[in-house]
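Participant: Here's a structure for you.
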Amino acid sequence: MKLFKNLSRSVKGKVAIITGAGSGMGEATAKVFAEEGVKVVATDVNLEAVKRVSDEINTNGGTCYALHLDVTDKTEIEDCLEESIKKFGSLDFVINNAGISSATALEDENYENYWDDTLSVVLTGQIKLIRAALPHLLKSDNARIVNISSTEGFGASPYHSPYTAAKHGVIGLTRSLALELGPKGITVNCICPGPINTNMTAAIDEKDKETYARRRVGLKRYGEPEEVAHATLNLCLPSSSYINGVYLPVDGGLSIRRA
Ligand code: NAI
């Protein structure tokens with residue numbers, strides 16, 4: 001039975017570039033997209049890590065191409081896109097996932113370095129890739145940009161001011177670009193993960209994670225990278241064509257808890 005025929009849930013044959021795909025949510029996103037038949041350009045500043053991800057995908061019947069990419073480096077972004085287009089011929093999805101995070105107090109003597117490094121990877125890196133990818137996205141009939149922010153993008157924690165500022169910036173960037181690029185056929189959305197089990201949170205003691213999750217998260221647990229990857233995929237479906245400019249918490253209910 002077919003009641004509607006216009007909007008498909010298939011992304012088979014589309015091409016995605018994913019940053020920070022060597023671990024955590026980026027890795028999961030590369031794998032989930034590949035499972036759906038997307039040709040994935042998996043990029044990371046850690047080439048060895050992203051090659052491992054790519055080998056795993058290709059061995060399991062997917063299509064993935066690993067490239068070194070430091071999102072702070074404009075020239076490398078341009079080279080990387082050129083390589084991707086040479087390899088797969090087109091580009092449909094940009095997934096801005098790469099990120100770094102470290103706690104720092106205002107009095108820290110290295111505060112300004114943390115600020116510059118965090119802003120350049122977490123926020124400026126996203127717009128650099130978007131600007132470079134734009135001519136290719138404009139040729140796609142299903143162009144999607146998904147920026148990874150955080151629940152820190154609309155909430156805040158002490159001693160994380162560079163990260164919190166950058167993630168707030170990602171939401172602002174997403175919303176402005178959604179209005180600018182939407183009419184040109186590119187939707188721009190944002191995912192705000194809550195606490196997720198990845199390398200970024202690996203140093204936190206398991207007991208502390210449990211206590212935090214029990215007190216703060218509706219689902220009483222940390223999330224898994226794959227659970228975020230599927231939310232990202234959903235925003236890329238052709239059938240998600242009217243979702244534009246949202247920031248979607250994928251946080252097990254963290255952000256709706258009052259205390
Ligand atoms: P992760 O540490 O497992 O992965 C981050 C990846 O980004 C790594 O493979 C790393 O090599 C790469 N990367 C770092 N600097 C880079 C650069 N300059 N250029 C390119 N790649 C670079 O961390 P996770 O958790 O998977 O992080 C993914 C995104 O999710 C980040 O934007 C992070 O801020 C965000 N996030 C993470 C949360 C968590 O609880 N793990 C919560 C909310 C947001």
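Residues in the structure tokens are numbered from 1 in each chain, the chains being A, B, ... in the order shown, and ligands are numbered from 1 in the order shown.
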Around ligand 1, at most 6 Å away and counting only C-alpha atoms and all ligand atoms, which residues are there? Put them as a PyMOL selection string, please.

Facilitator: chain A and resi 19-26+44-46+69-72+97-100+121+148-150+193-201

Participant: Take the selection from the previous step and output its residues with C-alpha atoms, as a short mmCIF file (atom, residue, chain, number, x, y, z; two decimals), in the first residue's frame.

Facilitator:
```cif
data_model
loop_
_atom_site.label_atom_id
_atom_site.label_comp_id
_atom_site.auth_asym_id
_atom_site.auth_seq_id
_atom_site.Cartn_x
_atom_site.Cartn_y
_atom_site.Cartn_z
CA THR A 19 34.11 15.91 10.55
CA GLY A 20 35.59 14.34 13.66
CA ALA A 21 34.60 10.91 12.33
CA GLY A 22 37.51 9.12 13.97
CA SER A 23 35.71 8.52 17.25
CA GLY A 24 32.53 8.90 19.28
CA MET A 25 29.50 10.42 17.63
CA GLY A 26 31.31 11.20 14.37
CA ASP A 44 39.35 13.72 11.22
CA VAL A 45 42.50 15.40 12.45
CA ASN A 46 43.45 11.88 13.56
CA LEU A 69 41.04 17.15 7.97
CA ASP A 70 41.79 19.70 10.63
CA VAL A 71 38.67 21.87 10.60
CA THR A 72 40.67 24.94 11.60
CA ASN A 97 30.72 17.21 14.35
CA ALA A 98 34.39 17.77 15.28
CA GLY A 99 34.84 19.17 18.75
CA ILE A 100 37.14 19.60 21.72
CA VAL A 121 37.45 24.11 16.29
CA ILE A 148 26.54 19.44 16.34
CA SER A 149 26.06 21.77 19.28
CA SER A 150 25.36 20.53 22.82
CA PRO A 193 23.55 16.02 22.57
CA GLY A 194 23.37 15.59 26.31
CA PRO A 195 25.92 13.42 28.13
CA ILE A 196 27.12 10.74 25.71
CA ASN A 197 29.62 7.93 26.23
CA THR A 198 32.52 8.93 23.96
CA ASN A 199 36.21 9.75 24.33
CA MET A 200 35.20 13.24 25.38
CA THR A 201 33.54 11.91 28.53
#
```

Participant: Taking the DSSP secondary structure from the backbone, can you list the residues of segment 10-171 of chain A that are strand (DSSP E or B), as a PyMOL selection string?

Facilitator: chain A and resi 15-18+39-44+63-68+93-96+143-148

Participant: Next, the residues of the selection above should be written as a tab-separated table (two decimals), in the first residue's frame with N, CA, C and O atoms.

Facilitator:
```tsv
chain	number	residue	atom	x	y	z
A	15	VAL	N	25.79	11.69	-0.73
A	15	VAL	CA	27.18	11.81	-0.28
A	15	VAL	C	27.26	12.74	0.93
A	15	VAL	O	26.70	13.84	0.92
A	16	ALA	N	27.95	12.27	1.97
A	16	ALA	CA	28.08	13.06	3.20
A	16	ALA	C	29.54	13.28	3.54
A	16	ALA	O	30.36	12.38	3.39
A	17	ILE	N	29.86	14.49	4.02
A	17	ILE	CA	31.16	14.70	4.64
A	17	ILE	C	30.92	14.88	6.14
A	17	ILE	O	30.03	15.64	6.55
A	18	ILE	N	31.68	14.14	6.93
A	18	ILE	CA	31.51	14.17	8.39
A	18	ILE	C	32.85	14.54	9.02
A	18	ILE	O	33.87	13.91	8.71
A	39	LYS	N	27.28	7.46	0.72
A	39	LYS	CA	28.73	7.42	0.48
A	39	LYS	C	29.35	8.44	1.43
A	39	LYS	O	29.03	9.63	1.35
A	40	VAL	N	30.18	7.94	2.32
A	40	VAL	CA	30.67	8.78	3.42
A	40	VAL	C	32.11	9.21	3.21
A	40	VAL	O	32.98	8.38	2.94
A	41	VAL	N	32.34	10.51	3.32
A	41	VAL	CA	33.71	11.01	3.42
A	41	VAL	C	33.94	11.24	4.91
A	41	VAL	O	33.38	12.17	5.51
A	42	ALA	N	34.71	10.34	5.52
A	42	ALA	CA	34.95	10.40	6.97
A	42	ALA	C	36.27	11.14	7.19
A	42	ALA	O	37.32	10.71	6.74
A	43	THR	N	36.18	12.27	7.87
A	43	THR	CA	37.39	13.09	8.06
A	43	THR	C	37.68	13.27	9.55
A	43	THR	O	36.78	13.27	10.38
A	44	ASP	N	38.96	13.46	9.83
A	44	ASP	CA	39.35	13.72	11.22
A	44	ASP	C	40.78	14.24	11.23
A	44	ASP	O	41.56	13.96	10.31
A	63	THR	N	30.34	2.25	1.85
A	63	THR	CA	31.27	3.02	1.02
A	63	THR	C	31.77	4.20	1.83
A	63	THR	O	30.98	5.09	2.19
A	64	CYS	N	33.06	4.19	2.10
A	64	CYS	CA	33.63	5.26	2.94
A	64	CYS	C	35.03	5.60	2.47
A	64	CYS	O	35.80	4.72	2.07
A	65	TYR	N	35.33	6.88	2.52
A	65	TYR	CA	36.64	7.38	2.09
A	65	TYR	C	37.19	8.21	3.25
A	65	TYR	O	36.53	9.14	3.71
A	66	ALA	N	38.37	7.83	3.72
A	66	ALA	CA	38.95	8.53	4.88
A	66	ALA	C	39.90	9.63	4.44
A	66	ALA	O	40.74	9.42	3.56
A	67	LEU	N	39.76	10.79	5.02
A	67	LEU	CA	40.66	11.90	4.71
A	67	LEU	C	41.08	12.62	5.98
A	67	LEU	O	40.25	12.81	6.90
A	68	HIS	N	42.33	13.05	6.01
A	68	HIS	CA	42.79	13.90	7.12
A	68	HIS	C	42.15	15.27	6.96
A	68	HIS	O	42.16	15.84	5.87
A	93	PHE	N	25.36	16.19	2.07
A	93	PHE	CA	25.25	16.44	3.52
A	93	PHE	C	26.59	16.91	4.09
A	93	PHE	O	27.62	16.30	3.85
A	94	VAL	N	26.52	17.97	4.88
A	94	VAL	CA	27.68	18.39	5.68
A	94	VAL	C	27.33	18.17	7.14
A	94	VAL	O	26.35	18.73	7.65
A	95	ILE	N	28.11	17.35	7.81
A	95	ILE	CA	27.87	17.08	9.23
A	95	ILE	C	29.05	17.64	10.02
A	95	ILE	O	30.16	17.08	10.02
A	96	ASN	N	28.81	18.77	10.66
A	96	ASN	CA	29.85	19.46	11.43
A	96	ASN	C	29.87	18.91	12.85
A	96	ASN	O	29.13	19.38	13.71
A	143	ALA	N	19.95	18.94	-0.13
A	143	ALA	CA	21.11	19.43	0.63
A	143	ALA	C	20.76	19.65	2.09
A	143	ALA	O	19.73	20.23	2.42
A	144	ARG	N	21.63	19.16	2.96
A	144	ARG	CA	21.41	19.26	4.41
A	144	ARG	C	22.70	19.64	5.10
A	144	ARG	O	23.76	19.06	4.82
A	145	ILE	N	22.60	20.56	6.05
A	145	ILE	CA	23.72	20.83	6.94
A	145	ILE	C	23.23	20.51	8.35
A	145	ILE	O	22.17	20.97	8.77
A	146	VAL	N	23.99	19.68	9.06
A	146	VAL	CA	23.68	19.40	10.47
A	146	VAL	C	24.90	19.77	11.30
A	146	VAL	O	25.99	19.23	11.11
A	147	ASN	N	24.70	20.72	12.18
A	147	ASN	CA	25.78	21.17	13.07
A	147	ASN	C	25.58	20.54	14.45
A	147	ASN	O	24.47	20.57	14.99
A	148	ILE	N	26.65	20.01	15.01
A	148	ILE	CA	26.54	19.44	16.34
A	148	ILE	C	26.87	20.52	17.37
A	148	ILE	O	27.98	21.04	17.42
```

Participant: Return the single residue from A:Ala166, A:Arg52, A:Asn142, A:Asn113 that is closest to Lys12 of chain A, with distances computed using only C-alpha atoms.

Facilitator: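 When distances to Lys12 of chain A are compared using only C-alpha atoms, the smallest one comes from A:Asn142.
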
Participant: Using only C-alpha atoms, determine which residues lie at most 7 Å from Ala28 of chain A, disregarding the query and same-chain residues fewer than 6 positions distant; provide the list as a PDB file with N, CA, C and O atoms, in the first residue's frame.

Facilitator:
```
ATOM      1  N   PRO A 225      26.637   6.960  21.366  1.00  0.00           N
ATOM      2  CA  PRO A 225      26.862   7.734  20.134  1.00  0.00           C
ATOM      3  C   PRO A 225      25.866   7.407  19.023  1.00  0.00           C
ATOM      4  O   PRO A 225      25.410   8.294  18.303  1.00  0.00           O
ATOM      5  N   GLU A 226      25.503   6.137  18.924  1.00  0.00           N
ATOM      6  CA  GLU A 226      24.581   5.722  17.858  1.00  0.00           C
ATOM      7  C   GLU A 226      23.216   6.409  17.991  1.00  0.00           C
ATOM      8  O   GLU A 226      22.540   6.687  16.997  1.00  0.00           O
ATOM      9  N   ALA A 229      23.604   9.657  16.382  1.00  0.00           N
ATOM     10  CA  ALA A 229      23.798   9.494  14.929  1.00  0.00           C
ATOM     11  C   ALA A 229      22.468   9.322  14.206  1.00  0.00           C
ATOM     12  O   ALA A 229      22.263   9.864  13.116  1.00  0.00           O
TER      13      ALA A 229
END
```

Participant: Could you check the closest approach to Lys184 of chain A for each of A:Gly13, A:Pro238, A:Gly62, A:Pro135 and tell me which residue wins, using only C-alpha atoms?

Facilitator: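 Going through A:Gly13, A:Pro238, A:Gly62, A:Pro135 one by one, the smallest distance to Lys184 of chain A is for A:Pro135.
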
Participant: So which one's closest to Thr232 of chain A, A:Gly172, A:Pro158, A:Pro249, A:Pro183? Using only C-alpha atoms, please.

Facilitator: A:Pro249

Participant: When you draw a straight line from atom CA of Gly253 of chain A to atom CA of Asn234 of chain A, how long is it in Å?

Facilitator: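 These atoms are spaced 18.6 Å apart.
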
Participant: Just the alpha helix (DSSP H) stuff from segment 143-249 of chain A, please, per backbone DSSP, written as a ChimeraX atom specification.

Facilitator: /A:161-181,206-216,225-236

Participant: Would you write out those residues with C-alpha atoms, as a PDB file, in the first residue's frame?

Facilitator:
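Okay, part_21.pdb is ready:
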```pdb
ATOM      1  CA  SER A 161      32.933  29.340  29.240  1.00  0.00           C
ATOM      2  CA  PRO A 162      34.837  28.916  25.936  1.00  0.00           C
ATOM      3  CA  TYR A 163      32.969  25.684  25.136  1.00  0.00           C
ATOM      4  CA  THR A 164      29.600  27.049  26.250  1.00  0.00           C
ATOM      5  CA  ALA A 165      30.099  30.245  24.248  1.00  0.00           C
ATOM      6  CA  ALA A 166      31.133  28.270  21.164  1.00  0.00           C
ATOM      7  CA  LYS A 167      28.177  25.878  21.426  1.00  0.00           C
ATOM      8  CA  HIS A 168      25.743  28.798  21.903  1.00  0.00           C
ATOM      9  CA  GLY A 169      27.370  30.211  18.772  1.00  0.00           C
ATOM     10  CA  VAL A 170      26.671  27.009  16.853  1.00  0.00           C
ATOM     11  CA  ILE A 171      22.946  27.417  17.536  1.00  0.00           C
ATOM     12  CA  GLY A 172      23.011  31.058  16.432  1.00  0.00           C
ATOM     13  CA  LEU A 173      24.949  30.164  13.315  1.00  0.00           C
ATOM     14  CA  THR A 174      22.503  27.376  12.514  1.00  0.00           C
ATOM     15  CA  ARG A 175      19.445  29.582  12.906  1.00  0.00           C
ATOM     16  CA  SER A 176      20.780  32.441  10.816  1.00  0.00           C
ATOM     17  CA  LEU A 177      21.991  30.135   8.040  1.00  0.00           C
ATOM     18  CA  ALA A 178      18.678  28.275   8.060  1.00  0.00           C
ATOM     19  CA  LEU A 179      16.991  31.504   7.015  1.00  0.00           C
ATOM     20  CA  GLU A 180      19.699  32.389   4.501  1.00  0.00           C
ATOM     21  CA  LEU A 181      20.127  28.979   2.883  1.00  0.00           C
ATOM     22  CA  GLU A 206      31.809   5.758  35.992  1.00  0.00           C
ATOM     23  CA  LYS A 207      30.366   6.323  39.476  1.00  0.00           C
ATOM     24  CA  ASP A 208      30.206  10.085  38.862  1.00  0.00           C
ATOM     25  CA  LYS A 209      28.524   9.483  35.527  1.00  0.00           C
ATOM     26  CA  GLU A 210      25.913   7.287  37.178  1.00  0.00           C
ATOM     27  CA  THR A 211      25.228   9.803  39.921  1.00  0.00           C
ATOM     28  CA  TYR A 212      24.944  12.643  37.425  1.00  0.00           C
ATOM     29  CA  ALA A 213      22.654  10.675  35.142  1.00  0.00           C
ATOM     30  CA  ARG A 214      20.438   9.552  38.008  1.00  0.00           C
ATOM     31  CA  ARG A 215      20.006  13.109  39.241  1.00  0.00           C
ATOM     32  CA  ARG A 216      19.850  15.046  35.991  1.00  0.00           C
ATOM     33  CA  PRO A 225      26.862   7.734  20.134  1.00  0.00           C
ATOM     34  CA  GLU A 226      24.581   5.722  17.858  1.00  0.00           C
ATOM     35  CA  GLU A 227      21.515   7.321  19.446  1.00  0.00           C
ATOM     36  CA  VAL A 228      22.762  10.736  18.376  1.00  0.00           C
ATOM     37  CA  ALA A 229      23.798   9.494  14.929  1.00  0.00           C
ATOM     38  CA  HIS A 230      20.248   8.385  14.173  1.00  0.00           C
ATOM     39  CA  ALA A 231      18.896  11.817  15.095  1.00  0.00           C
ATOM     40  CA  THR A 232      21.400  13.356  12.694  1.00  0.00           C
ATOM     41  CA  LEU A 233      20.347  10.921   9.985  1.00  0.00           C
ATOM     42  CA  ASN A 234      16.697  11.818  10.514  1.00  0.00           C
ATOM     43  CA  LEU A 235      17.442  15.471   9.767  1.00  0.00           C
ATOM     44  CA  CYS A 236      19.042  14.436   6.468  1.00  0.00           C
TER      45      CYS A 236
END
```

Participant: Please compute the atom CA of Val246 of chain A-atom CA of Ala156 of chain A distance, one decimal, in Å.

Facilitator: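 Those two atoms sit 19.0 Å apart.
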
Participant: I need the residue nearest His160 of chain A from this list: A:Asp141, A:Glu82, A:Asp108, A:Glu35. Use only C-alpha atoms for the distance.

Facilitator: A:Asp108

Participant: Which one is closest to Leu91 of chain A: A:Ile243, A:Ile256, A:Ala133, A:Val50? Count only C-alpha atoms.

Facilitator: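 The closest residue to Leu91 of chain A is A:Ala133.
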
Participant: In terms of the shortest atom-to-atom distance over only C-alpha atoms, which of A:Leu47, A:Val11, A:Ile191, A:Leu254 is closest to Tyr222 of chain A?

Facilitator: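 Of all the options, A:Leu254 lies closest to Tyr222 of chain A.
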
Participant: To one decimal in Å, tell me the separation between atom CA of Thr151 of chain A and atom CA of Val38 of chain A.

Facilitator: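 Pair atom CA of Thr151 of chain A / atom CA of Val38 of chain A returns 27.6 Å.
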